[in-house]
file target-v8.pdb (PDB, C-alpha atoms, pLDDT in the B column)
ATOM      1  CA  ARG A   2    -238.162 -98.501 -20.926  1.00 86.00           C
ATOM      2  CA  GLY A   3    -238.639 -94.903 -19.811  1.00 93.00           C
ATOM      3  CA  GLU A   4    -237.623 -91.655 -21.423  1.00 97.00           C
ATOM      4  CA  PHE A   5    -234.247 -89.933 -21.830  1.00 97.00           C
ATOM      5  CA  LEU A   6    -233.857 -86.186 -22.095  1.00 97.00           C
ATOM      6  CA  LEU A   7    -230.552 -84.534 -23.040  1.00 97.00           C
ATOM      7  CA  SER A   8    -230.154 -80.820 -22.473  1.00 97.00           C
ATOM      8  CA  LEU A   9    -227.214 -78.628 -23.506  1.00 97.00           C
ATOM      9  CA  ASN A  10    -226.809 -74.905 -23.094  1.00 96.00           C
ATOM     10  CA  VAL A  11    -223.986 -72.512 -23.850  1.00 96.00           C
ATOM     11  CA  PRO A  12    -224.393 -69.150 -22.112  1.00 93.00           C
ATOM     12  CA  PHE A  13    -222.078 -66.448 -23.426  1.00 93.00           C
ATOM     13  CA  THR A  14    -221.226 -63.265 -21.533  1.00 88.00           C
ATOM     14  CA  THR A  15    -219.435 -60.291 -23.010  1.00 90.00           C
ATOM     15  CA  SER A  16    -216.873 -58.192 -21.182  1.00 85.00           C
ATOM     16  CA  TYR A  17    -218.150 -56.382 -18.098  1.00 78.00           C
ATOM     17  CA  VAL A  18    -217.001 -54.417 -15.065  1.00 75.00           C
ATOM     18  CA  VAL A  19    -217.162 -56.758 -12.096  1.00 69.00           C
ATOM     19  CA  ASN A  20    -218.090 -54.632  -9.070  1.00 65.00           C
ATOM     20  CA  ASN A  21    -215.368 -52.088  -8.429  1.00 62.00           C
ATOM     21  CA  PRO A  22    -215.403 -49.237 -10.980  1.00 63.00           C
ATOM     22  CA  SER A  23    -211.795 -48.332 -10.162  1.00 68.00           C
ATOM     23  CA  LEU A  24    -209.566 -46.881 -12.901  1.00 69.00           C
ATOM     24  CA  PHE A  25    -205.796 -47.124 -13.271  1.00 70.00           C
ATOM     25  CA  GLY A  26    -204.114 -43.870 -12.287  1.00 72.00           C
ATOM     26  CA  SER A  27    -202.445 -41.403 -14.621  1.00 77.00           C
ATOM     27  CA  LEU A  28    -199.002 -42.872 -13.835  1.00 78.00           C
ATOM     28  CA  ALA A  29    -199.942 -46.348 -15.168  1.00 76.00           C
ATOM     29  CA  GLY A  30    -198.588 -45.654 -18.653  1.00 81.00           C
ATOM     30  CA  PRO A  31    -200.667 -47.314 -21.395  1.00 81.00           C
ATOM     31  CA  LEU A  32    -203.215 -48.467 -18.799  1.00 77.00           C
ATOM     32  CA  ALA A  33    -203.860 -44.928 -17.506  1.00 77.00           C
ATOM     33  CA  ASN A  34    -207.574 -44.237 -16.968  1.00 75.00           C
ATOM     34  CA  LYS A  35    -208.566 -47.750 -18.100  1.00 76.00           C
ATOM     35  CA  GLN A  36    -210.894 -49.945 -16.076  1.00 75.00           C
ATOM     36  CA  ARG A  37    -208.951 -52.023 -13.534  1.00 70.00           C
ATOM     37  CA  TYR A  38    -211.485 -54.750 -12.757  1.00 74.00           C
ATOM     38  CA  ARG A  39    -212.909 -55.858 -16.087  1.00 76.00           C
ATOM     39  CA  GLN A  40    -213.838 -59.466 -16.812  1.00 81.00           C
ATOM     40  CA  SER A  41    -213.291 -60.400 -20.441  1.00 84.00           C
ATOM     41  CA  GLY A  42    -216.013 -62.285 -22.328  1.00 89.00           C
ATOM     42  CA  TYR A  43    -216.441 -66.020 -21.807  1.00 91.00           C
ATOM     43  CA  ALA A  44    -218.711 -68.940 -22.651  1.00 92.00           C
ATOM     44  CA  GLN A  45    -219.682 -71.968 -20.590  1.00 92.00           C
ATOM     45  CA  ILE A  46    -220.966 -75.357 -21.662  1.00 96.00           C
ATOM     46  CA  ASN A  47    -223.529 -77.056 -19.403  1.00 97.00           C
ATOM     47  CA  ALA A  48    -225.160 -80.451 -19.977  1.00 97.00           C
ATOM     48  CA  THR A  49    -227.810 -82.614 -18.329  1.00 98.00           C
ATOM     49  CA  LEU A  50    -228.964 -86.152 -19.130  1.00 98.00           C
ATOM     50  CA  ASN A  51    -232.120 -87.351 -17.344  1.00 98.00           C
ATOM     51  CA  TRP A  52    -233.964 -90.644 -17.439  1.00 98.00           C
ATOM     52  CA  THR A  53    -237.580 -90.986 -16.266  1.00 97.00           C
ATOM     53  CA  ASP A  54    -239.166 -94.406 -15.723  1.00 96.00           C
ATOM     54  CA  PRO A  55    -242.360 -95.353 -17.624  1.00 95.00           C
ATOM     55  CA  THR A  56    -244.574 -94.461 -14.620  1.00 94.00           C
ATOM     56  CA  ASN A  57    -243.087 -90.926 -14.469  1.00 93.00           C
ATOM     57  CA  ARG A  58    -242.356 -91.444 -10.766  1.00 95.00           C
ATOM     58  CA  LEU A  59    -238.636 -92.184 -10.668  1.00 97.00           C
ATOM     59  CA  SER A  60    -236.016 -90.005 -12.333  1.00 97.00           C
ATOM     60  CA  LEU A  61    -232.244 -90.296 -12.465  1.00 98.00           C
ATOM     61  CA  GLY A  62    -229.837 -87.864 -14.016  1.00 98.00           C
ATOM     62  CA  ILE A  63    -226.292 -86.709 -14.438  1.00 98.00           C
ATOM     63  CA  PHE A  64    -225.233 -83.118 -14.953  1.00 98.00           C
ATOM     64  CA  ALA A  65    -222.132 -81.099 -15.700  1.00 97.00           C
ATOM     65  CA  ARG A  66    -221.692 -77.358 -15.300  1.00 96.00           C
ATOM     66  CA  ASN A  67    -218.803 -75.433 -16.845  1.00 95.00           C
ATOM     67  CA  LEU A  68    -217.579 -78.449 -18.825  1.00 94.00           C
ATOM     68  CA  THR A  69    -214.610 -76.559 -20.283  1.00 92.00           C
ATOM     69  CA  ASN A  70    -213.562 -75.420 -16.788  1.00 93.00           C
ATOM     70  CA  GLU A  71    -213.710 -71.757 -17.831  1.00 90.00           C
ATOM     71  CA  ARG A  72    -212.099 -69.461 -15.257  1.00 88.00           C
ATOM     72  CA  TYR A  73    -213.757 -66.109 -14.710  1.00 84.00           C
ATOM     73  CA  PHE A  74    -214.220 -63.645 -11.902  1.00 80.00           C
ATOM     74  CA  ILE A  75    -217.575 -63.082 -10.237  1.00 77.00           C
ATOM     75  CA  LEU A  76    -216.381 -60.553  -7.675  1.00 69.00           C
ATOM     76  CA  TYR A  77    -213.399 -58.326  -7.149  1.00 63.00           C
ATOM     77  CA  SER A  78    -213.122 -57.225  -3.565  1.00 58.00           C
ATOM     78  CA  SER A  79    -210.516 -54.572  -4.138  1.00 65.00           C
ATOM     79  CA  SER A  80    -206.828 -53.986  -4.146  1.00 68.00           C
ATOM     80  CA  GLY A  81    -204.530 -53.851  -1.175  1.00 69.00           C
ATOM     81  CA  ALA A  82    -200.895 -53.650  -0.197  1.00 72.00           C
ATOM     82  CA  PHE A  83    -200.307 -57.231  -1.367  1.00 74.00           C
ATOM     83  CA  GLY A  84    -202.274 -57.120  -4.618  1.00 73.00           C
ATOM     84  CA  ASP A  85    -205.819 -57.464  -5.890  1.00 72.00           C
ATOM     85  CA  TYR A  86    -208.332 -59.769  -4.259  1.00 74.00           C
ATOM     86  CA  ALA A  87    -210.916 -61.612  -6.338  1.00 76.00           C
ATOM     87  CA  VAL A  88    -213.460 -64.428  -6.190  1.00 81.00           C
ATOM     88  CA  THR A  89    -213.661 -66.817  -9.130  1.00 84.00           C
ATOM     89  CA  ALA A  90    -216.699 -68.769 -10.239  1.00 87.00           C
ATOM     90  CA  ASN A  91    -216.983 -72.493  -9.596  1.00 90.00           C
ATOM     91  CA  PRO A  92    -214.747 -74.762 -11.661  1.00 94.00           C
ATOM     92  CA  ARG A  93    -216.212 -77.749 -13.525  1.00 96.00           C
ATOM     93  CA  VAL A  94    -218.941 -79.392 -11.448  1.00 96.00           C
ATOM     94  CA  VAL A  95    -220.238 -82.901 -12.215  1.00 97.00           C
ATOM     95  CA  GLY A  96    -222.926 -84.708 -10.275  1.00 98.00           C
ATOM     96  CA  VAL A  97    -225.863 -87.066 -10.162  1.00 98.00           C
ATOM     97  CA  ARG A  98    -229.405 -86.586  -8.974  1.00 97.00           C
ATOM     98  CA  ALA A  99    -232.356 -88.784  -8.270  1.00 97.00           C
ATOM     99  CA  GLY A 100    -235.999 -88.020  -7.688  1.00 97.00           C
ATOM    100  CA  TYR A 101    -239.233 -89.763  -6.818  1.00 97.00           C
ATOM    101  CA  THR A 102    -242.747 -88.366  -7.185  1.00 94.00           C
ATOM    102  CA  PHE A 103    -245.332 -89.615  -4.698  1.00 92.00           C
TER     103      PHE A 103
END
call {"tool": "encode", "arguments": {"input": "target-v8.pdb", "output": "structure tokens"}}
result
Amino acid sequence: RGEFLLSLNVPFTTSYVVNNPSLFGSLAGPLANKQRYRQSGYAQINATLNWTDPTNRLSLGIFARNLTNERYFILYSSSGAFGDYAVTANPRVVGVRAGYTF
């Protein structure tokens, strides 16, 4: 028979400066002196469903991270002649896992 455990979490992050505290220059019009590399707020939805057998030795599970496929930046490298360079977080990730306790 075993035991099922469902886990959901929804982390929320407000707006923040990524890693380059660069400001737009005075010639940028309405953007003048505003933060260039700011990530707006976002939320993620993560879920896990695990099953453990009655002996508590075998476990099987499925998981999903970033279910809504939220796109957000985790790192801005900087700007260059061809534009800004950035690293985004992982897209939706779904997987399975298994475990055995000796």
call {"tool": "atom_distance", "arguments": {"input": "target-v8.pdb", "atom1": "atom CA of A:Asn91", "atom2": "atom CA of A:Thr14"}}
result
15.7 Å
call {"tool": "closest_residue", "arguments": {"input": "target-v8.pdb", "among": "A:Tyr101, A:Ser16, A:Asp85, A:Gly96", "to": "A:Tyr43", "atoms": "only C-alpha atoms"}}
result
A:Ser16
call {"tool": "resolve_selection", "arguments": {"input": "target-v8.pdb", "expression": "the PyMOL selection byres ((chain A and resi 102) around 9)", "output": "short mmCIF file (atom, residue, chain, number, x, y, z; two decimals) with C-alpha atoms, in the coordinates of the input"}}
result
data_model
loop_
_atom_site.label_atom_id
_atom_site.label_comp_id
_atom_site.auth_asym_id
_atom_site.auth_seq_id
_atom_site.Cartn_x
_atom_site.Cartn_y
_atom_site.Cartn_z
CA ASN A 57 -243.09 -90.93 -14.47
CA ARG A 58 -242.36 -91.44 -10.77
CA LEU A 59 -238.64 -92.18 -10.67
CA SER A 60 -236.02 -90.00 -12.33
CA GLY A 100 -236.00 -88.02 -7.69
CA TYR A 101 -239.23 -89.76 -6.82
CA PHE A 103 -245.33 -89.62 -4.70
#
call {"tool": "closest_residue", "arguments": {"input": "target-v8.pdb", "among": "A:Ala33, A:Pro92, A:Phe25, A:Leu6", "to": "A:Gly62", "atoms": "all atoms listed in the file"}}
result
A:Leu6
call {"tool": "atom_distance", "arguments": {"input": "target-v8.pdb", "atom1": "atom CA of A:Tyr17", "atom2": "atom CA of A:Glu71"}}
result
16.0 Å
call {"tool": "residues_around", "arguments": {"input": "target-v8.pdb", "residues": "A:Ile63", "least_positions_apart": "4", "cutoff": "6 Å", "atoms": "only C-alpha atoms", "output": "MDAnalysis selection string"}}
result
chainID A and resid 49:50 96:97
call {"tool": "residues_around", "arguments": {"input": "target-v8.pdb", "residues": "A:Phe64", "least_positions_apart": "3", "cutoff": "10 Å", "atoms": "all atoms listed in the file", "output": "NGL selection string"}}
result
:A and (7-9 or 47-51 or 68 or 94-98)
call {"tool": "write_last_selection", "arguments": {"input": "target-v8.pdb", "atoms": "C-alpha atoms", "output": "mmCIF file, in the frame of the given file"}}
result
data_model
loop_
_atom_site.group_PDB
_atom_site.id
_atom_site.type_symbol
_atom_site.label_atom_id
_atom_site.label_comp_id
_atom_site.auth_asym_id
_atom_site.auth_seq_id
_atom_site.Cartn_x
_atom_site.Cartn_y
_atom_site.Cartn_z
ATOM 1 C CA LEU A 7 -230.552 -84.534 -23.040
ATOM 2 C CA SER A 8 -230.154 -80.820 -22.473
ATOM 3 C CA LEU A 9 -227.214 -78.628 -23.506
ATOM 4 C CA ASN A 47 -223.529 -77.056 -19.403
ATOM 5 C CA ALA A 48 -225.160 -80.451 -19.977
ATOM 6 C CA THR A 49 -227.810 -82.614 -18.329
ATOM 7 C CA LEU A 50 -228.964 -86.152 -19.130
ATOM 8 C CA ASN A 51 -232.120 -87.351 -17.344
ATOM 9 C CA LEU A 68 -217.579 -78.449 -18.825
ATOM 10 C CA VAL A 94 -218.941 -79.392 -11.448
ATOM 11 C CA VAL A 95 -220.238 -82.901 -12.215
ATOM 12 C CA GLY A 96 -222.926 -84.708 -10.275
ATOM 13 C CA VAL A 97 -225.863 -87.066 -10.162
ATOM 14 C CA ARG A 98 -229.405 -86.586 -8.974
#
call {"tool": "atom_distance", "arguments": {"input": "target-v8.pdb", "atom1": "atom CA of A:Ile75", "atom2": "atom CA of A:Thr89"}}
result
5.5 Å
call {"tool": "closest_residue", "arguments": {"input": "target-v8.pdb", "among": "A:Asn10, A:Gln40, A:Ser27, A:Asn70", "to": "A:Val88", "atoms": "only C-alpha atoms"}}
result
A:Gln40
call {"tool": "axis_aligned_box", "arguments": {"input": "target-v8.pdb", "around": "stretch 52-65 of chain A", "padding_each_side": "6 Å", "output": "JSON"}}
result
{"center_x": -233.4, "center_y": -88.2, "center_z": -14.1, "size_x": 34.4, "size_y": 26.3, "size_z": 19.0}
call {"tool": "closest_residue", "arguments": {"input": "target-v8.pdb", "among": "A:Ser41, A:Asn34, A:Thr69, A:Thr56", "to": "A:Val18", "atoms": "only C-alpha atoms"}}
result
A:Ser41
call {"tool": "closest_residue", "arguments": {"input": "target-v8.pdb", "among": "A:Gln36, A:Pro12, A:Arg93, A:Glu4", "to": "A:Asn67", "atoms": "all atoms listed in the file"}}
result
A:Arg93
call {"tool": "closest_residue", "arguments": {"input": "target-v8.pdb", "among": "A:Gln45, A:Arg2, A:Arg39, A:Arg72", "to": "A:Ala90", "atoms": "all atoms listed in the file"}}
result
A:Arg72
